[in-house]
$ cat structure.txt   # compact mmCIF, C-alpha atoms and all ligand atoms
# COMPACT_ATOMS: atom_id res chain seq x y z
CA MET A 25 -9.44 -19.92 -32.23
CA GLU A 26 -5.91 -20.74 -31.11
CA ALA A 27 -5.17 -20.06 -27.43
CA LEU A 28 -3.36 -16.82 -26.59
CA LYS A 29 0.24 -17.49 -25.56
CA VAL A 30 1.52 -15.86 -22.42
CA GLY A 31 5.15 -15.64 -21.30
CA LEU A 32 5.78 -15.67 -17.57
CA LEU A 33 8.78 -14.22 -15.75
CA GLY A 34 9.01 -15.77 -12.28
CA LEU A 35 7.55 -19.05 -11.03
CA GLY A 36 7.56 -18.28 -7.30
CA THR A 37 4.53 -17.65 -5.10
CA VAL A 38 2.59 -15.41 -7.49
CA GLY A 39 3.91 -17.05 -10.70
CA GLY A 40 2.99 -20.50 -9.40
CA GLY A 41 -0.43 -19.23 -8.29
CA THR A 42 -1.01 -17.70 -11.73
CA VAL A 43 -0.23 -20.98 -13.53
CA ASN A 44 -2.54 -22.84 -11.15
CA VAL A 45 -5.45 -20.42 -11.62
CA LEU A 46 -5.04 -20.36 -15.41
CA GLN A 47 -5.00 -24.18 -15.51
CA ARG A 48 -7.77 -24.83 -12.98
CA ASN A 49 -10.18 -22.23 -14.35
CA ALA A 50 -9.24 -22.65 -18.03
CA ASP A 51 -12.82 -23.27 -19.21
CA GLU A 52 -14.35 -20.44 -17.22
CA ILE A 53 -11.60 -18.05 -18.31
CA SER A 54 -11.97 -18.94 -21.97
CA ARG A 55 -15.77 -18.42 -21.74
CA ARG A 56 -15.08 -14.95 -20.38
CA ALA A 57 -12.21 -14.01 -22.67
CA GLY A 58 -13.61 -15.59 -25.83
CA ARG A 59 -10.37 -17.50 -26.31
CA GLY A 60 -8.14 -19.86 -24.30
CA ILE A 61 -5.06 -18.54 -22.50
CA ILE A 62 -1.98 -20.69 -21.93
CA VAL A 63 1.43 -20.07 -20.42
CA SER A 64 3.73 -21.24 -23.21
CA HIS A 65 7.12 -20.05 -21.98
CA ALA A 66 8.32 -19.25 -18.45
CA SER A 67 11.54 -18.29 -16.74
CA ALA A 68 12.70 -19.04 -13.20
CA ARG A 69 16.02 -18.53 -11.41
CA ASP A 70 16.33 -22.30 -10.90
CA ILE A 71 14.12 -24.37 -13.18
CA ASN A 72 14.75 -27.56 -11.18
CA LYS A 73 13.37 -26.18 -7.91
CA PRO A 74 10.15 -27.80 -6.59
CA ARG A 75 7.12 -25.60 -7.40
CA ILE A 76 3.55 -25.11 -6.26
CA CYS A 77 2.37 -25.54 -9.87
CA GLN A 78 2.46 -28.09 -12.65
CA THR A 79 4.76 -26.98 -15.48
CA ASP A 80 4.13 -29.75 -18.05
CA GLY A 81 3.76 -28.23 -21.51
CA ILE A 82 5.49 -24.97 -20.50
CA LYS A 83 8.89 -24.27 -22.06
CA LEU A 84 11.16 -23.43 -19.10
CA THR A 85 14.32 -21.34 -19.11
CA GLU A 86 16.63 -19.64 -16.63
CA ASP A 87 17.12 -16.72 -19.04
CA PRO A 88 14.18 -14.28 -18.81
CA MET A 89 15.32 -12.49 -21.97
CA GLU A 90 14.44 -15.67 -23.94
CA VAL A 91 10.79 -15.26 -22.89
CA VAL A 92 10.82 -11.53 -23.63
CA SER A 93 12.14 -12.22 -27.13
CA ASP A 94 9.87 -15.18 -27.91
CA PRO A 95 7.85 -14.10 -31.01
CA GLU A 96 5.01 -16.46 -30.06
CA VAL A 97 4.39 -14.66 -26.75
CA SER A 98 1.79 -11.86 -27.03
CA ILE A 99 1.53 -10.96 -23.35
CA LEU A 100 4.50 -10.83 -21.02
CA VAL A 101 3.63 -11.36 -17.34
CA GLU A 102 6.37 -9.96 -15.10
CA LEU A 103 6.40 -11.49 -11.62
CA ILE A 104 10.06 -11.35 -10.64
CA GLY A 105 9.83 -8.18 -8.53
CA GLY A 106 12.59 -5.62 -7.99
CA ASP A 107 13.02 -2.63 -10.23
CA THR A 108 16.33 -3.08 -12.01
CA LEU A 109 16.20 -6.27 -14.09
CA ALA A 110 12.40 -6.04 -14.16
CA ARG A 111 12.60 -2.56 -15.69
CA GLU A 112 15.02 -3.74 -18.36
CA LEU A 113 12.88 -6.77 -19.22
CA VAL A 114 9.62 -4.84 -19.33
CA LEU A 115 11.06 -2.09 -21.54
CA LYS A 116 12.49 -4.75 -23.85
CA ALA A 117 9.12 -6.55 -23.99
CA ILE A 118 7.43 -3.26 -24.91
CA ALA A 119 10.07 -2.60 -27.57
CA ASN A 120 9.29 -6.09 -28.91
CA GLY A 121 5.60 -5.10 -29.18
CA LYS A 122 4.33 -7.22 -26.29
CA HIS A 123 1.62 -6.22 -23.87
CA VAL A 124 2.73 -6.37 -20.25
CA VAL A 125 0.96 -7.52 -17.10
CA THR A 126 2.88 -6.92 -13.88
CA ALA A 127 2.36 -7.28 -10.13
CA ASN A 128 5.43 -5.15 -9.49
CA LYS A 129 4.54 -2.08 -7.42
CA ALA A 130 8.15 -0.91 -7.00
CA LEU A 131 8.60 -1.00 -10.77
CA ILE A 132 5.41 0.97 -11.48
CA ALA A 133 5.85 3.45 -8.62
CA LYS A 134 9.46 4.25 -9.55
CA HIS A 135 9.58 3.75 -13.32
CA GLY A 136 5.92 3.80 -14.37
CA ASN A 137 6.13 7.23 -16.04
CA GLU A 138 8.94 5.98 -18.31
CA ILE A 139 7.28 2.60 -18.93
CA PHE A 140 3.89 4.07 -19.81
CA SER A 141 5.43 6.55 -22.17
CA ALA A 142 7.32 3.73 -23.97
CA ALA A 143 4.10 1.66 -24.09
CA GLN A 144 2.12 4.61 -25.44
CA LYS A 145 4.60 5.10 -28.28
CA LYS A 146 4.53 1.42 -29.14
CA GLY A 147 0.72 1.10 -28.81
CA VAL A 148 0.87 -1.71 -26.25
CA MET A 149 -0.85 -2.09 -22.89
CA VAL A 150 0.79 -2.24 -19.48
CA VAL A 151 -1.57 -3.32 -16.70
CA PHE A 152 -0.81 -3.70 -13.01
CA GLU A 153 -3.91 -4.53 -10.97
CA ALA A 154 -1.96 -7.03 -8.84
CA ALA A 155 0.53 -4.33 -7.83
CA VAL A 156 -1.89 -2.80 -5.29
CA ALA A 157 -3.85 -4.59 -2.56
CA GLY A 158 -3.33 -8.13 -3.93
CA GLY A 159 -6.65 -9.61 -5.01
CA ILE A 160 -8.80 -6.48 -4.56
CA PRO A 161 -9.58 -4.96 -7.98
CA ILE A 162 -8.94 -1.48 -6.58
CA ILE A 163 -7.25 -0.05 -9.65
CA LYS A 164 -10.15 -0.98 -11.90
CA ALA A 165 -12.60 0.29 -9.29
CA ILE A 166 -11.00 3.74 -9.19
CA ARG A 167 -9.91 4.00 -12.80
CA GLU A 168 -13.10 2.68 -14.34
CA GLY A 169 -15.90 2.24 -11.81
CA LEU A 170 -15.40 5.66 -10.21
CA ALA A 171 -14.44 7.50 -13.42
CA GLY A 172 -17.41 9.85 -13.01
CA ASN A 173 -16.22 11.12 -9.62
CA LYS A 174 -13.84 13.72 -8.40
CA ILE A 175 -11.91 11.64 -5.87
CA GLU A 176 -11.44 13.59 -2.63
CA TRP A 177 -9.33 11.19 -0.61
CA LEU A 178 -8.51 7.58 -0.08
CA ALA A 179 -7.05 5.66 2.83
CA GLY A 180 -6.00 2.05 2.85
CA ILE A 181 -4.43 -0.82 4.69
CA ILE A 182 -2.29 -1.83 1.74
CA ASN A 183 0.43 -4.01 3.20
CA GLY A 184 -0.80 -7.46 4.19
CA THR A 185 2.38 -8.43 6.04
CA GLY A 186 2.29 -5.33 8.25
CA ASN A 187 -1.38 -5.80 9.03
CA PHE A 188 -0.78 -9.49 9.80
CA ILE A 189 2.03 -8.56 12.22
CA LEU A 190 -0.03 -5.88 14.02
CA THR A 191 -3.03 -8.22 14.32
CA GLU A 192 -1.07 -11.19 15.67
CA MET A 193 0.80 -8.95 18.16
CA ARG A 194 -2.50 -7.52 19.41
CA ASP A 195 -4.63 -10.68 19.48
CA LYS A 196 -2.12 -13.36 20.36
CA GLN A 197 0.59 -11.36 22.14
CA ARG A 198 3.12 -12.78 19.68
CA ASP A 199 6.42 -11.04 19.19
CA PHE A 200 7.25 -9.05 16.08
CA ASP A 201 10.02 -11.32 14.74
CA SER A 202 8.12 -14.60 14.96
CA VAL A 203 5.08 -13.15 13.15
CA LEU A 204 7.32 -11.69 10.45
CA ALA A 205 8.98 -15.12 10.00
CA GLU A 206 5.54 -16.68 9.57
CA ALA A 207 4.53 -14.01 7.01
CA GLN A 208 7.70 -14.87 5.08
CA ARG A 209 6.89 -18.59 5.23
CA LEU A 210 3.38 -17.93 3.91
CA GLY A 211 4.79 -15.94 0.96
CA TYR A 212 3.23 -12.61 2.07
CA ALA A 213 6.43 -10.67 2.71
CA GLU A 214 8.65 -8.95 0.18
CA ALA A 215 12.05 -10.47 -0.71
CA ASP A 216 13.43 -7.77 1.59
CA PRO A 217 10.90 -7.70 4.47
CA THR A 218 12.06 -4.25 5.61
CA PHE A 219 9.99 -3.03 2.64
CA ASP A 220 6.92 -4.32 4.51
CA VAL A 221 7.78 -3.22 8.04
CA GLU A 222 9.23 0.18 7.16
CA GLY A 223 6.33 1.17 4.92
CA ILE A 224 8.18 1.20 1.58
CA ASP A 225 5.90 -1.38 -0.01
CA ALA A 226 2.83 0.59 1.11
CA ALA A 227 4.44 3.79 -0.24
CA HIS A 228 4.90 2.13 -3.65
CA LYS A 229 1.22 1.18 -3.67
CA LEU A 230 0.02 4.56 -2.43
CA THR A 231 2.02 6.30 -5.17
CA ILE A 232 0.06 4.32 -7.75
CA LEU A 233 -3.32 4.90 -6.08
CA ALA A 234 -2.73 8.66 -5.81
CA SER A 235 -1.89 8.92 -9.50
CA ILE A 236 -4.99 7.10 -10.66
CA ALA A 237 -7.17 8.94 -8.14
CA PHE A 238 -5.98 12.47 -8.93
CA GLY A 239 -4.41 12.28 -12.38
CA ILE A 240 -0.88 13.20 -11.29
CA PRO A 241 2.42 11.67 -12.43
CA LEU A 242 3.85 8.90 -10.23
CA GLN A 243 5.95 10.55 -7.48
CA PHE A 244 7.22 7.85 -5.16
CA GLU A 245 10.07 10.01 -3.87
CA LYS A 246 7.56 12.46 -2.36
CA VAL A 247 5.69 9.98 -0.14
CA TYR A 248 6.16 10.56 3.57
CA THR A 249 6.93 7.05 4.84
CA GLU A 250 6.91 5.64 8.36
CA GLY A 251 6.71 1.91 9.17
CA ILE A 252 5.35 -0.19 12.04
CA SER A 253 8.63 -1.22 13.64
CA LYS A 254 8.33 1.28 16.51
CA ILE A 255 4.76 0.38 17.50
CA THR A 256 4.73 -1.16 20.98
CA ARG A 257 2.15 -3.33 22.75
CA GLU A 258 1.70 -0.47 25.20
CA ASP A 259 0.52 1.96 22.51
CA VAL A 260 -1.80 -0.66 21.05
CA ASP A 261 -3.37 -1.16 24.51
CA PHE A 262 -3.67 2.55 25.41
CA ALA A 263 -5.17 3.33 22.01
CA SER A 264 -7.66 0.53 22.53
CA GLU A 265 -8.63 1.89 25.96
CA LEU A 266 -9.41 5.23 24.30
CA GLY A 267 -11.53 3.55 21.59
CA TYR A 268 -9.02 3.33 18.74
CA SER A 269 -7.20 0.65 16.75
CA ILE A 270 -3.71 1.26 15.39
CA LYS A 271 -3.42 0.42 11.70
CA HIS A 272 -0.71 1.07 9.17
CA LEU A 273 -2.42 3.35 6.66
CA GLY A 274 -1.59 4.87 3.32
CA VAL A 275 -3.49 8.14 2.97
CA THR A 276 -3.76 10.53 0.05
CA ARG A 277 -6.02 13.56 0.07
CA ARG A 278 -6.64 16.47 -2.26
CA THR A 279 -6.53 19.80 -0.39
CA GLU A 280 -6.59 23.43 -1.54
CA ALA A 281 -2.82 23.64 -1.11
CA GLY A 282 -1.85 20.35 -2.74
CA ILE A 283 -1.99 16.61 -2.32
CA GLU A 284 -1.20 14.78 0.89
CA LEU A 285 0.74 11.58 0.27
CA ARG A 286 1.70 9.68 3.40
CA VAL A 287 2.13 6.23 4.93
CA HIS A 288 2.31 5.85 8.70
CA PRO A 289 0.82 4.04 11.70
CA THR A 290 -2.54 5.65 12.42
CA LEU A 291 -5.15 5.52 15.17
CA ILE A 292 -8.63 4.87 13.75
CA PRO A 293 -11.88 4.84 15.75
CA LYS A 294 -12.71 1.18 16.47
CA ARG A 295 -16.27 1.58 15.21
CA HIS A 296 -14.93 2.18 11.71
CA LEU A 297 -15.11 -0.85 9.39
CA ILE A 298 -11.51 -0.38 8.30
CA ALA A 299 -10.33 -0.56 11.92
CA ASN A 300 -11.57 -4.15 11.92
CA VAL A 301 -9.62 -5.29 8.87
CA ASP A 302 -7.27 -7.87 10.34
CA GLY A 303 -4.58 -10.38 9.38
CA VAL A 304 -3.30 -10.34 5.82
CA MET A 305 -6.47 -8.64 4.60
CA ASN A 306 -6.28 -5.24 2.91
CA ALA A 307 -8.97 -2.60 2.59
CA VAL A 308 -9.13 0.69 0.75
CA LEU A 309 -11.65 3.39 1.57
CA VAL A 310 -12.24 5.79 -1.32
CA LYS A 311 -14.26 8.99 -1.06
CA GLY A 312 -15.66 10.24 -4.36
CA ASP A 313 -17.75 13.41 -4.59
CA ALA A 314 -20.65 11.66 -6.31
CA VAL A 315 -20.62 8.19 -4.80
CA GLY A 316 -19.55 9.16 -1.24
CA PRO A 317 -17.36 6.73 0.71
CA THR A 318 -16.83 3.25 -0.75
CA LEU A 319 -14.86 0.42 0.83
CA TYR A 320 -12.98 -2.37 -0.93
CA TYR A 321 -11.82 -5.37 1.07
CA GLY A 322 -9.95 -8.59 0.35
CA ALA A 323 -6.74 -10.57 0.62
CA GLY A 324 -3.76 -8.28 0.11
CA ALA A 325 -1.09 -10.90 -0.51
CA GLY A 326 -0.62 -14.60 -1.17
CA ALA A 327 -0.35 -16.84 -4.23
CA GLU A 328 -3.91 -17.13 -5.53
CA PRO A 329 -5.38 -13.79 -4.39
CA THR A 330 -2.57 -12.03 -6.28
CA ALA A 331 -2.93 -14.47 -9.19
CA SER A 332 -6.61 -13.54 -9.33
CA ALA A 333 -5.62 -9.96 -10.17
CA VAL A 334 -2.90 -11.07 -12.62
CA VAL A 335 -5.26 -13.36 -14.53
CA GLY A 336 -7.97 -10.67 -14.52
CA ASP A 337 -5.47 -8.35 -16.21
CA ILE A 338 -4.51 -10.98 -18.81
CA VAL A 339 -8.19 -11.40 -19.66
CA ASP A 340 -8.61 -7.62 -19.90
CA VAL A 341 -5.69 -7.30 -22.29
CA LEU A 342 -7.07 -10.10 -24.42
CA ARG A 343 -10.49 -8.43 -24.52
CA VAL A 344 -9.16 -5.07 -25.68
CA LEU A 345 -6.58 -6.39 -28.12
CA THR A 346 -8.95 -5.63 -30.95
CA SER A 347 -9.91 -2.16 -29.75
CA ASP A 348 -8.44 1.13 -31.00
CA PRO A 349 -5.05 1.60 -29.26
CA GLU A 350 -5.69 5.37 -28.95
CA ASN A 351 -8.88 4.80 -27.00
CA ARG A 352 -7.98 2.22 -24.41
CA VAL A 353 -8.27 2.89 -20.68
CA PRO A 354 -5.27 5.19 -19.94
CA HIS A 355 -2.52 3.75 -17.72
CA LEU A 356 -2.99 6.32 -14.97
CA ALA A 357 -6.75 6.68 -15.55
CA PHE A 358 -6.37 10.21 -17.01
CA GLN A 359 -5.20 10.95 -20.56
CA PRO A 360 -1.38 11.22 -20.55
CA ASP A 361 -1.45 14.85 -21.74
CA SER A 362 -3.95 15.77 -19.03
CA LEU A 363 -1.94 14.85 -15.96
CA SER A 364 -1.90 17.73 -13.50
CA ASN A 365 1.06 19.23 -11.66
CA THR A 366 -0.77 19.79 -8.35
CA PRO A 367 2.00 19.88 -5.72
CA ILE A 368 2.49 17.10 -3.18
CA LEU A 369 2.43 18.59 0.31
CA PRO A 370 5.40 18.13 2.65
CA ILE A 371 4.37 16.25 5.81
CA GLU A 372 4.83 19.44 7.91
CA GLU A 373 1.89 21.02 6.09
CA ILE A 374 -0.72 18.32 6.65
CA GLU A 375 -3.61 18.80 9.04
CA ILE A 376 -4.21 15.85 11.32
CA ALA A 377 -5.02 14.72 14.89
CA TYR A 378 -2.55 12.92 17.16
CA TYR A 379 -2.13 10.35 19.89
CA LEU A 380 0.70 11.37 22.24
CA ARG A 381 2.29 9.17 24.89
CA ILE A 382 4.51 11.08 27.26
CA SER A 383 6.53 9.60 30.07
CA ALA A 384 7.06 12.17 32.86
CA SER A 385 7.91 12.55 36.56
CA ASP A 386 4.84 12.39 38.73
CA GLN A 387 5.13 15.99 40.02
CA THR A 388 2.74 18.84 40.59
CA GLY A 389 2.32 20.98 37.51
CA VAL A 390 3.58 18.50 34.89
CA LEU A 391 0.22 18.16 33.26
CA ALA A 392 -0.29 21.93 33.33
CA ASP A 393 3.11 22.48 31.64
CA ILE A 394 2.31 20.02 28.88
CA THR A 395 -1.20 21.26 28.24
CA SER A 396 -0.11 24.89 28.19
CA ILE A 397 2.57 24.13 25.56
CA LEU A 398 -0.12 22.47 23.46
CA ALA A 399 -2.47 25.42 23.96
CA ASP A 400 0.29 27.93 23.09
CA ASN A 401 0.66 26.17 19.78
CA GLY A 402 -3.06 26.21 19.08
CA ILE A 403 -3.49 22.49 19.77
CA ASN A 404 -6.76 21.41 21.34
CA ILE A 405 -6.98 18.32 23.53
CA ASP A 406 -9.73 15.83 22.77
CA SER A 407 -9.17 13.25 25.53
CA MET A 408 -6.55 12.26 28.05
CA LEU A 409 -5.47 9.32 30.24
CA GLN A 410 -2.92 9.27 33.03
CA LYS A 411 -1.36 5.97 34.11
CA GLU A 412 0.75 5.64 37.23
CA HIS A 413 3.85 3.47 36.97
CA SER A 414 4.41 0.67 39.46
CA ALA A 415 4.81 1.37 43.19
CA GLY A 416 8.11 2.98 44.11
CA GLU A 417 8.45 4.75 40.75
CA ASP A 418 7.53 8.45 40.79
CA LYS A 419 6.72 8.37 37.09
CA SER A 420 3.53 8.47 35.13
CA THR A 421 2.51 8.01 31.54
CA ILE A 422 0.24 10.65 30.04
CA ILE A 423 -1.75 9.78 26.95
CA ILE A 424 -3.34 12.62 25.02
CA ILE A 425 -5.57 12.55 21.98
CA THR A 426 -5.63 15.92 20.21
CA HIS A 427 -7.94 17.57 17.75
CA THR A 428 -6.55 18.26 14.28
CA THR A 429 -3.69 20.70 13.90
CA ILE A 430 -0.98 21.45 11.36
CA GLU A 431 1.92 19.00 11.71
CA LYS A 432 4.51 21.78 11.97
CA ASN A 433 2.71 23.19 15.06
CA MET A 434 2.84 19.77 16.64
CA ASN A 435 6.56 19.50 15.85
CA VAL A 436 7.20 22.77 17.71
CA ALA A 437 5.06 21.69 20.67
CA LEU A 438 6.75 18.29 20.89
CA GLU A 439 10.18 19.86 20.88
CA LYS A 440 9.16 22.09 23.80
CA ILE A 441 7.55 19.21 25.71
CA HIS A 442 10.67 17.14 25.16
CA SER A 443 12.84 19.86 26.66
CA LEU A 444 10.83 19.98 29.92
CA ASP A 445 12.99 18.62 32.77
CA VAL A 446 10.14 16.48 34.04
CA VAL A 447 9.69 14.72 30.70
CA ASP A 448 12.04 11.80 30.28
CA GLY A 449 11.98 8.59 28.35
CA ASP A 450 9.36 7.97 25.73
CA LEU A 451 7.60 10.70 23.83
CA VAL A 452 5.55 8.91 21.22
CA ARG A 453 3.42 10.54 18.53
CA ILE A 454 1.06 8.55 16.30
CA ARG A 455 -1.21 10.27 13.80
CA LEU A 456 -4.97 9.75 14.05
CA GLU A 457 -7.58 9.72 11.28
CA HIS A 458 -11.33 9.84 11.89
CA LEU A 459 -11.95 8.99 8.22
CA ASP A 460 -15.27 10.77 8.35
CA ALA A 461 -17.19 10.81 5.13
CA ASP A 462 -17.39 14.61 4.90
N1 LIG B 501 4.49 -7.90 0.74
C1 LIG B 501 3.25 -7.46 0.21
C2 LIG B 501 2.23 -7.37 1.35
C3 LIG B 501 2.80 -8.43 -0.84
O1 LIG B 501 2.47 -7.97 2.40
O2 LIG B 501 1.22 -6.71 1.20
C4 LIG B 501 1.62 -7.94 -1.65
O3 LIG B 501 1.91 -6.78 -2.34
$ encode --input "structure.txt" --output "structure tokens"
Amino acid sequence: MEALKVGLLGLGTVGGGTVNVLQRNADEISRRAGRGIIVSHASARDINKPRICQTDGIKLTEDPMEVVSDPEVSILVELIGGDTLARELVLKAIANGKHVVTANKALIAKHGNEIFSAAQKKGVMVVFEAAVAGGIPIIKAIREGLAGNKIEWLAGIINGTGNFILTEMRDKQRDFDSVLAEAQRLGYAEADPTFDVEGIDAAHKLTILASIAFGIPLQFEKVYTEGISKITREDVDFASELGYSIKHLGVTRRTEAGIELRVHPTLIPKRHLIANVDGVMNAVLVKGDAVGPTLYYGAGAGAEPTASAVVGDIVDVLRVLTSDPENRVPHLAFQPDSLSNTPILPIEEIEIAYYLRISASDQTGVLADITSILADNGINIDSMLQKEHSAGEDKSTIIIITHTTIEKNMNVALEKIHSLDVVDGDLVRIRLEHLDAD
């Protein structure tokens, strides 16, 4: 049978990796898919630029619309990123009756509802495994492997660049900017790296995970998002002394009141497997009611790990091309007319524990003032450290780990602590997750 022709938009890190994997593993892939797969037409911003892949036999163009309109192309693979031109190209490809494979988390998180509805009407597939956690097949795991479960919560390290930065800062005392520059050189970071360090990339991915876990429409605008740019060496060290690692987590949890949807730096007990996920690696912990906790681990960024997910999706599309379009795996795991309107909780309503670092004058009664404010707001202390500043300075740093409380109570307490005369300088709050299985 003639090989299936794929059109590729973007020949950068992931595009180049995808061509390499398709070429290198051509025999193995065709044994799995029942038919060969070749990239016949590809677009790049500058077709004369040196590449990580061999492009002989591929028709190259600088106009992506040419690929989208090529009648020979059955599957359009979108790897250009961004959500403006990419949206236009993907919608056009769908209108032209092509199936779409994309690694674009911003596109799916922000425009997925519109794209899936267009695809549904046209009877084509849109698949996006590479959009979340790079090479880890987390979407298939939740959407298909865990389809028998009621998912209770999931928590993941889903930005490789951020995890790489935190790990290098902790283990090698490197500074933030030099590690970020290295992540950019290695092709891990987004075109705009503030997406990595300010949590936006993780929020895109969490939006997608929450939808397939709970059967809700994609709601990127409702994710509470905090990045890693304010994490200091000091906090990393104090947390470690108390038995915790600081990781940048995306967390979504079903509660009686609604769904928590949040991305922020988080203390995690060091004994937890996910606390030991370092470098560019990603991991997602998923708690299903039947299976219990399950953990998925692997490279979260980079040319071939991401290409692994892209090629897996191409093979999947090829395999189901002959199946009934009405009975394919739904885009968001649940049937489109069965999505629920469970509310997303504002961050003030979540229940969580905290790490607090308070810089205060070393005077009698300071600790009592702080602890009584916490008590007045119903906040229980779990553990505490007090560090004296260097000789000559009458200052101390108080580190407190609390039990869980409602975030709005903590906001009130922090405002009161901040207004104490003896409290000056830093008042840091980092959320803490025990990630217990029950
Ligand atoms: N910039 C992303 C990351 C790439 O570092 O995780 C993979 O989505």
$ residues_near_ligand --input "structure.txt" --ligand "ligand LIG 501 (chain B)" --cutoff "10 Å" --atoms "all atoms listed in the file" --output "PyMOL selection string"
chain A and resi 38+127-130+154-159+181-189+207-208+211-221+224-226+228-229+304-306+323-327+329-330
$ residues_around --input "structure.txt" --residues "Asn44 in chain A" --least-positions-apart "6" --cutoff "9 Å" --atoms "only C-alpha atoms" --output "ChimeraX atom specification"
/A:76-78,328,331
$ write_last_selection --input "structure.txt" --atoms "C-alpha atoms" --output "compact mmCIF listing (two decimals), in the coordinates of the input"
# COMPACT_ATOMS: atom_id res chain seq x y z
CA ILE A 76 3.55 -25.11 -6.26
CA CYS A 77 2.37 -25.54 -9.87
CA GLN A 78 2.46 -28.09 -12.65
CA GLU A 328 -3.91 -17.13 -5.53
CA ALA A 331 -2.93 -14.47 -9.19
$ closest_atom_pairs --input "structure.txt" --of "range 236-262 of chain A" --to "range 365-382 of chain A" --cutoff "10 Å" --atoms "all atoms listed in the file" --output "Markdown table"
| residue | atom | partner | partner_atom | distance |
| --- | --- | --- | --- | --- |
| A:Phe238 | CA | A:Thr366 | CA | 9.0 |
| A:Gly239 | CA | A:Asn365 | CA | 8.9 |
| A:Ile240 | CA | A:Asn365 | CA | 6.3 |
| A:Pro241 | CA | A:Asn365 | CA | 7.7 |
| A:Gln243 | CA | A:Ile368 | CA | 8.6 |
| A:Lys246 | CA | A:Ile368 | CA | 6.9 |
| A:Val247 | CA | A:Ile368 | CA | 8.4 |
| A:Tyr248 | CA | A:Ile371 | CA | 6.4 |
| A:Thr249 | CA | A:Ile371 | CA | 9.6 |
| A:Glu258 | CA | A:Arg381 | CA | 9.7 |
| A:Asp259 | CA | A:Arg381 | CA | 7.8 |
| A:Phe262 | CA | A:Arg381 | CA | 8.9 |
$ residues_around --input "structure.txt" --residues "Ser141 in chain A" --least-positions-apart "4" --cutoff "12 Å" --atoms "only C-alpha atoms" --output "ChimeraX atom specification"
/A:115,118-119,135-137,145-150,241,354-356,359-361
$ closest_residue --input "structure.txt" --among "A:Val315, A:Ile283, A:Ile298, A:Met89" --to "Tyr268 in chain A" --atoms "all atoms listed in the file"
A:Ile298
$ atom_distance --input "structure.txt" --atom1 "CA of Glu439 in chain A" --atom2 "CA of Ala399 in chain A"
14.2 Å
$ atom_distance --input "structure.txt" --atom1 "CA of Arg111 in chain A" --atom2 "CA of His123 in chain A"
14.2 Å
$ atom_distance --input "structure.txt" --atom1 "CA of Gly60 in chain A" --atom2 "CA of Leu342 in chain A"
9.8 Å
$ closest_residue --input "structure.txt" --among "A:Leu33, A:Leu291, A:Val97, A:Ile394" --to "Ile61 in chain A" --atoms "all atoms listed in the file"
A:Val97
$ residues_around --input "structure.txt" --residues "Val151 in chain A" --least-positions-apart "4" --cutoff "9 Å" --atoms "all atoms listed in the file" --output "JSON, numbers by chain"
{"A": [123, 124, 125, 126, 127, 334, 337, 338, 340, 341, 355]}
$ residues_around --input "structure.txt" --residues "range 52-58 of chain A" --least-positions-apart "4" --cutoff "9 Å" --atoms "all atoms listed in the file" --output "NGL selection string"
:A and (25 or 27 or 46 or 48 or 335 or 339-340 or 342-343)
$ closest_residue --input "structure.txt" --among "A:Asn49, A:Ser93, A:Ser362, A:Ser235" --to "Ile132 in chain A" --atoms "only C-alpha atoms"
A:Ser235
$ closest_residue --input "structure.txt" --among "A:Ala179, A:Ile252, A:Ala357, A:Leu32" --to "Lys311 in chain A" --atoms "all atoms listed in the file"
A:Ala179
$ residues_around --input "structure.txt" --residues "Pro289 in chain A" --least-positions-apart "5" --cutoff "8 Å" --atoms "only C-alpha atoms" --output "list in words"
Glu250, Gly251, Ile252, Ile255, Ile270, Lys271, His272, Leu273, Ile454 and Arg455 of chain A
$ closest_residue --input "structure.txt" --among "A:Ile82, A:Leu113, A:Met408, A:Ile232" --to "Ala133 in chain A" --atoms "only C-alpha atoms"
A:Ile232
